$ cat entry34.cif   # mmCIF, C-alpha atoms
data_work
#
loop_
_atom_site.label_atom_id
_atom_site.label_comp_id
_atom_site.auth_asym_id
_atom_site.auth_seq_id
_atom_site.Cartn_x
_atom_site.Cartn_y
_atom_site.Cartn_z
CA MET X 1 -17.04 28.61 18.58
CA SER X 2 -18.10 25.02 18.07
CA GLU X 3 -20.08 26.14 15.01
CA LEU X 4 -16.94 27.66 13.52
CA HIS X 5 -15.07 24.44 14.33
CA ALA X 6 -17.74 22.36 12.58
CA SER X 7 -17.90 24.59 9.51
CA LEU X 8 -14.10 24.61 9.15
CA LEU X 9 -13.98 20.81 9.41
CA GLY X 10 -16.76 20.63 6.83
CA SER X 11 -14.77 22.62 4.29
CA PRO X 12 -12.50 20.93 1.75
CA ILE X 13 -10.11 23.91 1.99
CA LEU X 14 -9.02 23.00 5.52
CA ALA X 15 -8.46 19.37 4.56
CA ILE X 16 -6.37 20.41 1.54
CA ALA X 17 -4.38 23.04 3.48
CA LEU X 18 -3.70 20.49 6.23
CA THR X 19 -2.50 17.95 3.67
CA LEU X 20 -0.20 20.39 1.88
CA ALA X 21 1.21 21.72 5.16
CA ALA X 22 1.86 18.22 6.51
CA TYR X 23 3.45 17.09 3.26
CA LEU X 24 5.75 20.13 3.05
CA GLY X 25 6.57 19.71 6.74
CA GLY X 26 7.33 16.03 6.12
CA VAL X 27 9.66 16.89 3.23
CA ALA X 28 11.43 19.58 5.30
CA LEU X 29 11.95 17.21 8.24
CA PHE X 30 13.09 14.47 5.86
CA GLU X 31 15.77 16.82 4.47
CA LYS X 32 16.78 17.87 7.98
CA LEU X 33 17.25 14.22 9.01
CA GLY X 34 19.63 13.75 6.06
CA ARG X 35 17.17 11.97 3.73
CA PRO X 36 16.99 8.64 5.62
CA SER X 37 15.84 5.88 3.26
CA TRP X 38 14.24 4.00 6.20
CA CYS X 39 11.81 6.85 6.81
CA PRO X 40 10.29 8.29 3.60
CA ALA X 41 9.03 11.89 3.60
CA VAL X 42 5.46 10.76 2.90
CA LEU X 43 5.47 8.68 6.10
CA ILE X 44 6.56 11.68 8.20
CA GLY X 45 3.87 13.78 6.48
CA ALA X 46 1.23 11.11 7.13
CA LEU X 47 2.21 10.97 10.80
CA MET X 48 1.87 14.77 11.03
CA THR X 49 -1.52 14.64 9.32
CA ALA X 50 -2.75 11.90 11.64
CA ALA X 51 -1.56 13.91 14.67
CA SER X 52 -3.37 17.06 13.49
CA LEU X 53 -6.57 15.10 12.74
CA TRP X 54 -6.46 13.78 16.29
CA LEU X 55 -5.80 17.24 17.76
CA LEU X 56 -8.63 18.82 15.76
CA GLY X 57 -11.08 16.00 16.52
CA TYR X 58 -11.39 15.43 12.79
CA GLU X 59 -12.91 12.05 11.77
CA TYR X 60 -10.68 10.26 9.24
CA ALA X 61 -13.67 9.44 7.00
CA ASP X 62 -14.68 13.14 6.88
CA TYR X 63 -11.10 14.14 6.12
CA ARG X 64 -10.92 11.62 3.27
CA ARG X 65 -14.18 12.91 1.81
CA ASN X 66 -13.00 16.54 1.89
CA VAL X 67 -9.47 15.91 0.67
CA ALA X 68 -10.86 14.01 -2.33
CA TRP X 69 -11.12 17.38 -4.07
CA ILE X 70 -7.37 17.35 -4.52
CA THR X 71 -6.63 13.61 -4.63
CA LEU X 72 -8.79 13.56 -7.76
CA LEU X 73 -5.56 14.70 -9.47
CA LEU X 74 -4.21 11.20 -8.89
CA GLY X 75 -5.98 10.08 -12.10
CA PRO X 76 -4.35 12.47 -14.60
CA ALA X 77 -1.04 12.21 -12.69
CA THR X 78 -1.12 8.43 -13.24
CA VAL X 79 -1.84 8.92 -16.94
CA ALA X 80 1.17 11.28 -17.01
CA LEU X 81 3.46 8.35 -16.05
CA ALA X 82 3.29 7.33 -19.72
CA VAL X 83 5.69 10.20 -20.49
CA PRO X 84 8.75 9.01 -18.50
CA LEU X 85 8.07 5.47 -19.75
CA TYR X 86 8.08 6.75 -23.34
CA GLN X 87 11.29 8.68 -22.66
CA GLN X 88 13.00 5.46 -21.48
CA ARG X 89 12.21 3.61 -24.70
CA GLN X 90 15.90 3.62 -25.71
CA HIS X 91 16.83 1.43 -22.73
CA ILE X 92 13.92 -0.87 -23.53
CA TYR X 93 14.91 -1.21 -27.20
CA THR X 94 18.57 -2.01 -26.44
CA LEU X 95 17.94 -4.34 -23.49
CA TRP X 96 14.64 -5.93 -24.49
CA LYS X 97 16.00 -9.46 -24.09
CA PRO X 98 17.11 -9.35 -20.44
CA ILE X 99 14.05 -7.24 -19.63
CA LEU X 100 11.72 -9.75 -21.23
CA CYS X 101 13.40 -12.64 -19.39
CA CYS X 102 13.45 -10.97 -15.98
CA LEU X 103 10.68 -8.48 -15.62
CA PRO X 104 7.49 -10.56 -15.89
CA LEU X 105 8.89 -13.27 -13.62
CA ALA X 106 10.33 -10.78 -11.12
CA ALA X 107 7.07 -8.81 -11.00
CA VAL X 108 4.94 -11.94 -10.57
CA LEU X 109 7.19 -13.31 -7.83
CA ALA X 110 7.24 -9.97 -6.00
CA ALA X 111 3.48 -10.37 -5.53
CA PHE X 112 3.45 -14.18 -5.25
CA TYR X 113 5.94 -14.71 -2.41
CA SER X 114 4.19 -12.37 0.02
CA VAL X 115 0.67 -13.48 -0.83
CA VAL X 116 1.59 -17.15 -0.39
CA ILE X 117 3.42 -16.53 2.88
CA ALA X 118 0.49 -14.50 4.23
CA TRP X 119 -1.93 -17.20 3.05
CA LEU X 120 0.10 -19.91 4.82
CA LEU X 121 -0.04 -17.80 7.97
CA GLY X 122 -3.83 -17.74 7.68
CA ALA X 123 -4.38 -14.15 6.57
CA SER X 124 -7.88 -13.15 5.43
CA PRO X 125 -8.72 -12.47 1.74
CA VAL X 126 -8.80 -8.71 2.49
CA VAL X 127 -5.23 -8.87 3.78
CA LEU X 128 -4.09 -10.97 0.80
CA ALA X 129 -5.57 -8.50 -1.69
CA SER X 130 -3.93 -5.63 0.20
CA LEU X 131 -0.50 -7.28 0.06
CA ALA X 132 -0.56 -8.35 -3.60
CA PRO X 133 0.35 -4.95 -5.18
CA LYS X 134 3.13 -4.35 -2.61
CA SER X 135 5.91 -3.71 -5.14
CA VAL X 136 3.87 -1.47 -7.43
CA THR X 137 4.17 2.30 -7.38
CA ALA X 138 1.35 3.81 -5.31
CA PRO X 139 -0.79 5.50 -8.02
CA ILE X 140 -0.87 2.31 -10.08
CA ALA X 141 -1.37 0.19 -6.96
CA ILE X 142 -4.46 2.28 -6.14
CA GLY X 143 -5.78 1.36 -9.59
CA ILE X 144 -5.15 -2.33 -8.80
CA TYR X 145 -6.90 -1.91 -5.44
CA GLU X 146 -9.97 -0.56 -7.28
CA GLN X 147 -10.03 -3.86 -9.18
CA ILE X 148 -9.17 -6.53 -6.60
CA GLY X 149 -10.32 -4.85 -3.38
CA GLY X 150 -8.61 -5.08 0.00
CA SER X 151 -7.90 -2.25 2.40
CA LEU X 152 -6.46 0.88 0.78
CA SER X 153 -4.60 1.98 3.89
CA LEU X 154 -3.18 -1.46 4.63
CA MET X 155 -2.06 -1.70 1.00
CA LEU X 156 -0.31 1.71 1.12
CA GLY X 157 1.31 0.87 4.46
CA GLY X 158 2.58 -2.41 3.00
CA LEU X 159 3.91 -0.50 0.00
CA LEU X 160 5.97 1.81 2.22
CA ILE X 161 7.36 -1.04 4.29
CA THR X 162 8.22 -2.99 1.13
CA GLY X 163 10.03 0.04 -0.31
CA VAL X 164 12.13 0.50 2.81
CA LEU X 165 12.91 -3.24 3.12
CA THR X 166 13.94 -3.33 -0.54
CA THR X 167 16.61 -0.68 -0.04
CA ILE X 168 17.95 -2.65 2.93
CA PHE X 169 17.95 -6.05 1.19
CA VAL X 170 19.45 -4.74 -2.06
CA SER X 171 22.38 -3.17 -0.18
CA LEU X 172 22.83 -6.37 1.83
CA PHE X 173 22.74 -8.78 -1.13
CA ALA X 174 24.88 -6.48 -3.30
CA ARG X 175 27.61 -6.89 -0.69
CA LEU X 176 27.06 -10.65 -0.11
CA LEU X 177 26.82 -11.56 -3.82
CA LYS X 178 29.45 -8.97 -4.86
CA ILE X 179 27.17 -7.33 -7.42
CA THR X 180 28.54 -3.97 -8.53
CA ASP X 181 26.68 -3.51 -11.84
CA LYS X 182 24.68 -0.31 -11.27
CA ARG X 183 22.13 -1.35 -13.88
CA ILE X 184 21.26 -4.56 -12.00
CA LEU X 185 21.11 -2.86 -8.60
CA GLY X 186 18.98 -0.02 -9.96
CA PHE X 187 16.60 -2.39 -11.70
CA ALA X 188 16.18 -4.54 -8.57
CA LEU X 189 15.48 -1.41 -6.51
CA GLY X 190 12.82 -0.19 -8.95
CA VAL X 191 11.12 -3.55 -9.54
CA ASN X 192 10.76 -4.36 -5.85
CA GLY X 193 10.88 -1.03 -4.09
CA HIS X 194 8.97 1.35 -6.46
CA ALA X 195 9.47 5.08 -5.74
CA ILE X 196 11.37 4.51 -2.48
CA GLY X 197 13.79 2.23 -4.34
CA ILE X 198 14.31 4.95 -6.97
CA VAL X 199 15.34 7.48 -4.34
CA ARG X 200 17.95 5.01 -3.08
CA ALA X 201 19.05 4.17 -6.65
CA PHE X 202 19.75 7.81 -7.49
CA GLU X 203 22.13 7.85 -4.51
CA LEU X 204 24.10 5.11 -6.31
CA GLY X 205 24.27 7.26 -9.45
CA PRO X 206 22.29 8.31 -12.54
CA THR X 207 22.56 4.91 -14.28
CA ALA X 208 21.11 3.09 -11.28
CA GLY X 209 18.41 5.79 -11.07
CA ALA X 210 17.42 5.43 -14.72
CA PHE X 211 17.20 1.63 -14.42
CA ALA X 212 15.20 1.91 -11.22
CA SER X 213 12.67 4.19 -12.96
CA LEU X 214 12.49 1.74 -15.81
CA GLY X 215 12.01 -1.22 -13.47
CA MET X 216 9.32 0.58 -11.51
CA SER X 217 7.32 1.69 -14.57
CA LEU X 218 7.43 -1.72 -16.23
CA THR X 219 6.56 -3.57 -13.01
CA GLY X 220 3.65 -1.19 -12.44
CA VAL X 221 2.22 -1.59 -15.93
CA PHE X 222 2.75 -5.34 -16.04
CA THR X 223 1.29 -5.97 -12.58
CA ALA X 224 -1.71 -3.72 -13.25
CA ILE X 225 -2.56 -5.89 -16.24
CA PHE X 226 -1.84 -9.37 -14.87
CA LEU X 227 -2.86 -9.14 -11.21
CA PRO X 228 -6.58 -8.24 -11.63
CA LEU X 229 -6.79 -10.90 -14.33
CA VAL X 230 -5.25 -13.60 -12.10
CA TRP X 231 -7.43 -12.46 -9.18
CA ARG X 232 -10.51 -12.84 -11.36
CA LEU X 233 -9.43 -16.26 -12.66
CA LEU X 234 -8.74 -17.52 -9.15
CA GLY X 235 -12.18 -16.30 -8.15
CA LEU X 236 -10.81 -14.30 -5.22
CA MET U 1 -1.39 27.81 -21.33
CA LYS U 2 0.91 24.94 -22.23
CA LEU U 3 0.25 23.44 -18.80
CA LEU U 4 -3.50 23.70 -19.20
CA ARG U 5 -3.44 22.29 -22.69
CA GLY U 6 -1.31 19.36 -21.51
CA PHE U 7 -3.59 18.83 -18.53
CA LEU U 8 -6.56 18.68 -20.88
CA TRP U 9 -4.74 16.05 -22.94
CA LEU U 10 -4.20 13.96 -19.81
CA LEU U 11 -7.85 14.30 -18.81
CA GLY U 12 -8.83 13.36 -22.35
CA PHE U 13 -6.78 10.18 -22.22
CA GLN U 14 -8.18 9.31 -18.81
CA LEU U 15 -11.71 9.70 -20.19
CA LEU U 16 -10.79 7.62 -23.21
CA GLY U 17 -9.41 4.98 -20.84
CA HIS U 18 -12.63 5.16 -18.85
CA ALA U 19 -14.69 4.56 -22.00
CA VAL U 20 -12.53 1.67 -23.23
CA VAL U 21 -12.51 -0.06 -19.82
CA GLU U 22 -16.27 0.22 -19.41
CA LEU U 23 -17.09 -0.80 -22.98
CA LEU U 24 -14.82 -3.87 -22.95
CA SER U 25 -15.26 -4.46 -19.18
CA LEU U 26 -11.49 -4.78 -18.72
CA PRO U 27 -10.10 -5.52 -15.25
CA ILE U 28 -7.83 -2.44 -15.11
CA SER U 29 -8.37 1.02 -13.64
CA HIS U 30 -9.45 3.95 -15.81
CA ALA U 31 -6.22 5.87 -15.18
CA MET U 32 -4.11 2.80 -16.03
CA ALA U 33 -5.97 2.40 -19.33
CA GLY U 34 -5.38 6.12 -19.97
CA LEU U 35 -1.65 5.60 -19.30
CA LEU U 36 -1.48 2.71 -21.78
CA LEU U 37 -3.44 4.62 -24.43
CA LEU U 38 -1.24 7.71 -24.04
CA LEU U 39 1.86 5.50 -24.28
CA ALA U 40 0.53 3.82 -27.44
CA TRP U 41 -0.23 7.23 -28.92
CA LEU U 42 3.27 8.56 -28.10
CA VAL U 43 4.92 5.48 -29.62
CA ALA U 44 2.74 5.75 -32.74
CA ALA U 45 3.31 9.51 -33.13
CA ARG U 46 7.06 9.04 -32.41
CA ARG U 47 7.27 12.42 -30.71
CA LEU U 48 6.38 13.95 -27.41
CA ASN U 49 3.85 16.76 -27.51
CA GLU U 50 5.38 19.69 -25.60
CA SER U 51 2.26 20.53 -23.62
CA VAL U 52 1.84 16.89 -22.48
CA ALA U 53 5.48 16.91 -21.36
CA THR U 54 4.91 20.15 -19.39
CA ALA U 55 1.79 18.84 -17.67
CA SER U 56 3.40 15.52 -16.76
CA GLN U 57 6.48 17.28 -15.33
CA ALA U 58 4.15 19.35 -13.18
CA LEU U 59 1.99 16.46 -11.97
CA ILE U 60 4.42 13.58 -11.38
CA PRO U 61 6.30 15.30 -8.50
CA LEU U 62 2.92 15.70 -6.77
CA LEU U 63 2.24 11.94 -6.67
CA ALA U 64 3.73 11.44 -3.20
CA MET U 65 1.54 14.23 -1.79
CA LEU U 66 -1.53 12.83 -3.54
CA ILE U 67 -1.19 9.37 -1.98
CA MET U 68 -0.47 10.73 1.50
CA PRO U 69 -4.14 10.96 2.64
CA GLY U 70 -4.42 7.22 1.97
CA VAL U 71 -1.26 6.52 3.97
CA VAL U 72 -2.71 8.49 6.92
CA GLY U 73 -5.35 5.76 7.17
CA VAL U 74 -2.70 3.28 8.32
CA PHE U 75 -2.79 4.88 11.76
CA PHE U 76 -6.56 4.36 11.95
CA ILE U 77 -6.69 0.67 10.97
CA ILE U 78 -4.21 -0.69 13.51
CA GLU U 79 -7.05 -2.15 15.59
CA GLU U 80 -9.09 -3.31 12.61
CA PHE U 81 -6.30 -5.72 11.60
CA ALA U 82 -5.25 -6.51 15.16
CA GLY U 83 -4.83 -10.27 14.66
CA HIS U 84 -3.13 -9.97 11.29
CA TRP U 85 -0.06 -7.81 11.87
CA THR U 86 2.34 -10.69 12.46
CA ALA U 87 1.27 -12.35 9.20
CA VAL U 88 1.51 -9.02 7.35
CA MET U 89 4.99 -8.23 8.68
CA VAL U 90 6.38 -11.73 8.09
CA ALA U 91 4.90 -11.81 4.57
CA LEU U 92 6.35 -8.40 3.71
CA ALA U 93 9.79 -9.08 5.18
CA VAL U 94 10.33 -12.63 3.91
CA GLY U 95 8.52 -11.95 0.61
CA THR U 96 10.58 -8.86 -0.14
CA CYS U 97 13.81 -10.59 0.82
CA LEU U 98 13.06 -13.48 -1.56
CA SER U 99 11.90 -11.27 -4.42
CA VAL U 100 14.95 -8.98 -4.21
CA LEU U 101 17.17 -12.06 -4.27
CA THR U 102 15.30 -13.48 -7.28
CA THR U 103 15.46 -10.21 -9.23
CA LEU U 104 19.19 -9.82 -8.62
CA TRP U 105 19.83 -13.42 -9.60
CA LEU U 106 17.70 -13.18 -12.78
CA MET U 107 19.27 -9.90 -13.85
CA ARG U 108 22.80 -11.16 -13.24
CA ARG U 109 21.98 -14.22 -15.29
CA PHE U 110 20.49 -12.38 -18.28
CA MET U 111 22.05 -8.92 -18.35
CA PRO U 112 24.75 -8.51 -21.02
CA ARG U 113 28.12 -7.79 -19.44
CA GLU U 114 28.79 -4.19 -18.61
CA THR U 115 31.86 -2.90 -20.47
CA SER U 116 33.57 -1.81 -17.27
CA SER U 117 32.45 -4.78 -15.17
CA CYS U 118 34.81 -7.65 -14.48
CA ASP U 119 32.12 -9.93 -13.07
CA GLU U 120 32.62 -13.07 -15.14
CA ARG U 121 29.15 -14.36 -14.32
CA GLY U 122 27.55 -11.34 -15.99
CA ARG U 123 27.79 -13.05 -19.36
CA GLN U 124 24.90 -12.93 -21.74
CA ALA U 125 22.62 -15.93 -21.81
#

$ encode --input "entry34.cif" --output "structure tokens"
Amino acid sequence: MSELHASLLGSPILAIALTLAAYLGGVALFEKLGRPSWCPAVLIGALMTAASLWLLGYEYADYRRNVAWITLLLGPATVALAVPLYQQRQHIYTLWKPILCCLPLAAVLAAFYSVVIAWLLGASPVVLASLAPKSVTAPIAIGIYEQIGGSLSLMLGGLLITGVLTTIFVSLFARLLKITDKRILGFALGVNGHAIGIVRAFELGPTAGAFASLGMSLTGVFTAIFLPLVWRLLGL
Amino acid sequence: MKLLRGFLWLLGFQLLGHAVVELLSLPISHAMAGLLLLLAWLVAARRLNESVATASQALIPLLAMLIMPGVVGVFFIIEEFAGHWTAVMVALAVGTCLSVLTTLWLMRRFMPRETSSCDERGRQA
């Protein structure tokens, strides 16, 4: 019996099946809860996965090694993000001026504020590197992590929290500052809150959704280029 | 077959990205370089290859599932970063609050006025 247990845990198939089941379960529960923006489907799925790992006595490191057979797809899926970016070129051509004025600064500050605050609070270099890509969409952020280091899990956790906080702060400030322009709200959601911001933006309408996708893609590409460079120059 | 052909294109661009990054020792990931090269190719060719479109439509919805195993790790590092959680939470909360505010302010300052909007401060800079 324990041999069967060991051989099942040693097989990538179990790790992949577990991941797919937990993800689909997470999405189903997310729908059942009425798509709450404070609790993304991937977080519910991750919680379910963690619970099953614990129940099965499955070491996280072993699980990661086995599930790598499928997470290898992350590479080509990241390359595929060029397609939606290409399809949004019309928005970029017509609004290049505001985009050029806002995006680089907004993307730099999204990383800068949190890193400086964490640094002032005495966080270690590993924590700082994990926080820096917090507003970048996860596949691109993983690419940044490969360059600047940090803790992958801490980085992804920070990403989720940032996404959720962004939806809360954008709604709050939209009311306080009386901003109703769907393009501005969508863009702010995408630049700061990556994929979680996009989900919220599409609830505001298709225009907000399109601008959120644009903001997310541009922030991701820009940050992936500038952040490793800055990190290298600062000698971190 | 369209899906497979598109998938092969994506793998090809990732490999090309890999080669470029290693040869020039660029500080970006292989997949990111592949993304930029594919984007440059699409812009140069001025049209979207149908098989690449099919493969990207199939893969992009899977991204959330593909990052999930990494997210699971959060539940296993709680002790490892025991002394740091306050700093992490404060940095994320205050940092995100400030950056959302900055983005909204910048966009409102620079975005040309929406035709239907009556916000007088939405003027073009």

$ closest_residue --input "entry34.cif" --among "U:Leu26, U:Leu3, U:Leu66, U:Met89" --to "chain X" --atoms "all atoms listed in the file"
U:Leu66

$ residues_around --input "entry34.cif" --residues "Leu56 of chain X" --least-positions-apart "3" --cutoff "9 Å" --atoms "only C-alpha atoms" --output "PyMOL selection string"
chain X and resi 5+9+51-53+59

$ atom_distance --input "entry34.cif" --atom1 "atom CA of Ser124 of chain X" --atom2 "atom CA of Thr137 of chain X"
23.4 Å

$ residues_around --input "entry34.cif" --residues "Ala46 of chain X" --least-positions-apart "3" --cutoff "8 Å" --atoms "only C-alpha atoms" --output "number ranges by chain"
X: 22-23, 26, 42-43, 49-50; U: 68-69, 71-72

$ residues_around --input "entry34.cif" --residues "Leu229 of chain X" --least-positions-apart "6" --cutoff "12 Å" --atoms "only C-alpha atoms" --output "ChimeraX atom specification"
/X:144,147-148,222-223,235-236 /U:25-28

$ atom_distance --input "entry34.cif" --atom1 "atom CA of Met1 of chain X" --atom2 "atom CA of Leu55 of chain X"
16.0 Å

$ resolve_selection --input "entry34.cif" --expression "the PyMOL selection byres ((chain X) within 7 of (chain U))" --output "MDAnalysis selection string"
chainID X and resid 23 42 46:47 49:50 64 71 74:83 86 98 102 106 109:110 113:114 117:118 121 123 138 140 143:144 146:147 152:154 156:157 162 165:166 169:170 181 184 188 192 224:225 228:229

$ atom_distance --input "entry34.cif" --atom1 "atom CA of Lys182 of chain X" --atom2 "atom CA of Ala208 of chain X"
4.9 Å

$ residues_near_point --input "entry34.cif" --point "(15.6, 1.2, 4.1)" --cutoff "6 Å" --atoms "only C-alpha atoms" --output "PyMOL selection string"
chain X and resi 37-38+164-165+167-168

$ resolve_selection --input "entry34.cif" --expression "the PyMOL selection byres ((chain X and resi 216) around 12)" --output "PyMOL selection string"
chain X and resi 81+84-85+88+103+106-107+134-141+163+186-199+201+209-215+217-224

$ residues_around --input "entry34.cif" --residues "segment 16-18 of chain X" --least-positions-apart "4" --cutoff "8 Å" --atoms "only C-alpha atoms" --output "list of chain:residue names"
X:Pro12, X:Ala22, X:Thr49, X:Asn66, X:Val67, X:Trp69, X:Ile70

$ closest_residue --input "entry34.cif" --among "X:Ser151, X:Leu33, X:Ser171, X:Ala129" --to "Arg232 of chain X" --atoms "all atoms listed in the file"
X:Ala129

$ closest_residue --input "entry34.cif" --among "X:Leu160, X:Ala68, X:Arg183, X:Arg89" --to "Ala41 of chain X" --atoms "all atoms listed in the file"
X:Leu160

$ decode --input "entry34.cif" --residues "segment 77-139 of chain X" --atoms "C-alpha atoms" --output "PDB file, in the first residue's frame"
ATOM      1  CA  ALA X  77       1.975  30.869 -23.356  1.00  0.00           C
ATOM      2  CA  THR X  78       4.010  33.968 -22.426  1.00  0.00           C
ATOM      3  CA  VAL X  79       5.265  34.297 -26.002  1.00  0.00           C
ATOM      4  CA  ALA X  80       1.601  34.079 -27.092  1.00  0.00           C
ATOM      5  CA  LEU X  81       0.862  37.335 -25.192  1.00  0.00           C
ATOM      6  CA  ALA X  82       2.384  39.138 -28.191  1.00  0.00           C
ATOM      7  CA  VAL X  83      -0.839  38.397 -30.101  1.00  0.00           C
ATOM      8  CA  PRO X  84      -3.316  40.398 -27.950  1.00  0.00           C
ATOM      9  CA  LEU X  85      -0.737  43.186 -27.724  1.00  0.00           C
ATOM     10  CA  TYR X  86      -0.500  43.262 -31.532  1.00  0.00           C
ATOM     11  CA  GLN X  87      -4.296  43.265 -31.779  1.00  0.00           C
ATOM     12  CA  GLN X  88      -4.462  46.363 -29.540  1.00  0.00           C
ATOM     13  CA  ARG X  89      -2.127  48.359 -31.770  1.00  0.00           C
ATOM     14  CA  GLN X  90      -4.999  50.639 -32.875  1.00  0.00           C
ATOM     15  CA  HIS X  91      -5.436  51.980 -29.330  1.00  0.00           C
ATOM     16  CA  ILE X  92      -1.682  52.466 -29.069  1.00  0.00           C
ATOM     17  CA  TYR X  93      -1.469  54.365 -32.371  1.00  0.00           C
ATOM     18  CA  THR X  94      -4.350  56.736 -31.527  1.00  0.00           C
ATOM     19  CA  LEU X  95      -3.396  57.348 -27.890  1.00  0.00           C
ATOM     20  CA  TRP X  96       0.390  57.132 -28.057  1.00  0.00           C
ATOM     21  CA  LYS X  97       0.855  60.519 -26.410  1.00  0.00           C
ATOM     22  CA  PRO X  98      -1.014  59.943 -23.127  1.00  0.00           C
ATOM     23  CA  ILE X  99       0.351  56.394 -23.045  1.00  0.00           C
ATOM     24  CA  LEU X 100       3.916  57.593 -23.465  1.00  0.00           C
ATOM     25  CA  CYS X 101       3.455  60.232 -20.740  1.00  0.00           C
ATOM     26  CA  CYS X 102       1.784  57.922 -18.229  1.00  0.00           C
ATOM     27  CA  LEU X 103       2.822  54.353 -18.717  1.00  0.00           C
ATOM     28  CA  PRO X 104       6.583  54.358 -18.033  1.00  0.00           C
ATOM     29  CA  LEU X 105       6.166  56.570 -14.971  1.00  0.00           C
ATOM     30  CA  ALA X 106       3.153  54.638 -13.669  1.00  0.00           C
ATOM     31  CA  ALA X 107       4.915  51.293 -14.163  1.00  0.00           C
ATOM     32  CA  VAL X 108       8.120  52.492 -12.481  1.00  0.00           C
ATOM     33  CA  LEU X 109       6.226  53.958  -9.531  1.00  0.00           C
ATOM     34  CA  ALA X 110       4.129  50.803  -9.111  1.00  0.00           C
ATOM     35  CA  ALA X 111       7.371  48.959  -8.356  1.00  0.00           C
ATOM     36  CA  PHE X 112       9.179  51.863  -6.647  1.00  0.00           C
ATOM     37  CA  TYR X 113       6.651  52.768  -3.930  1.00  0.00           C
ATOM     38  CA  SER X 114       6.410  49.261  -2.498  1.00  0.00           C
ATOM     39  CA  VAL X 115      10.117  48.494  -2.708  1.00  0.00           C
ATOM     40  CA  VAL X 116      11.015  51.751  -0.941  1.00  0.00           C
ATOM     41  CA  ILE X 117       8.384  51.267   1.758  1.00  0.00           C
ATOM     42  CA  ALA X 118       9.547  47.687   2.367  1.00  0.00           C
ATOM     43  CA  TRP X 119      13.167  48.868   2.415  1.00  0.00           C
ATOM     44  CA  LEU X 120      12.353  51.569   4.988  1.00  0.00           C
ATOM     45  CA  LEU X 121      10.691  48.893   7.102  1.00  0.00           C
ATOM     46  CA  GLY X 122      13.919  46.889   6.978  1.00  0.00           C
ATOM     47  CA  ALA X 123      12.912  44.095   4.617  1.00  0.00           C
ATOM     48  CA  SER X 124      15.645  41.767   3.339  1.00  0.00           C
ATOM     49  CA  PRO X 125      16.910  41.879  -0.292  1.00  0.00           C
ATOM     50  CA  VAL X 126      14.987  38.649  -1.031  1.00  0.00           C
ATOM     51  CA  VAL X 127      11.743  40.311   0.062  1.00  0.00           C
ATOM     52  CA  LEU X 128      12.514  43.473  -1.938  1.00  0.00           C
ATOM     53  CA  ALA X 129      13.160  41.467  -5.113  1.00  0.00           C
ATOM     54  CA  SER X 130       9.942  39.529  -4.535  1.00  0.00           C
ATOM     55  CA  LEU X 131       7.890  42.714  -4.188  1.00  0.00           C
ATOM     56  CA  ALA X 132       9.332  44.615  -7.157  1.00  0.00           C
ATOM     57  CA  PRO X 133       7.304  42.901  -9.949  1.00  0.00           C
ATOM     58  CA  LYS X 134       4.052  43.156  -7.938  1.00  0.00           C
ATOM     59  CA  SER X 135       2.019  44.900 -10.642  1.00  0.00           C
ATOM     60  CA  VAL X 136       3.199  42.726 -13.517  1.00  0.00           C
ATOM     61  CA  THR X 137       1.115  39.896 -14.921  1.00  0.00           C
ATOM     62  CA  ALA X 138       2.260  36.567 -13.459  1.00  0.00           C
ATOM     63  CA  PRO X 139       3.887  34.898 -16.510  1.00  0.00           C
TER      64      PRO X 139
END
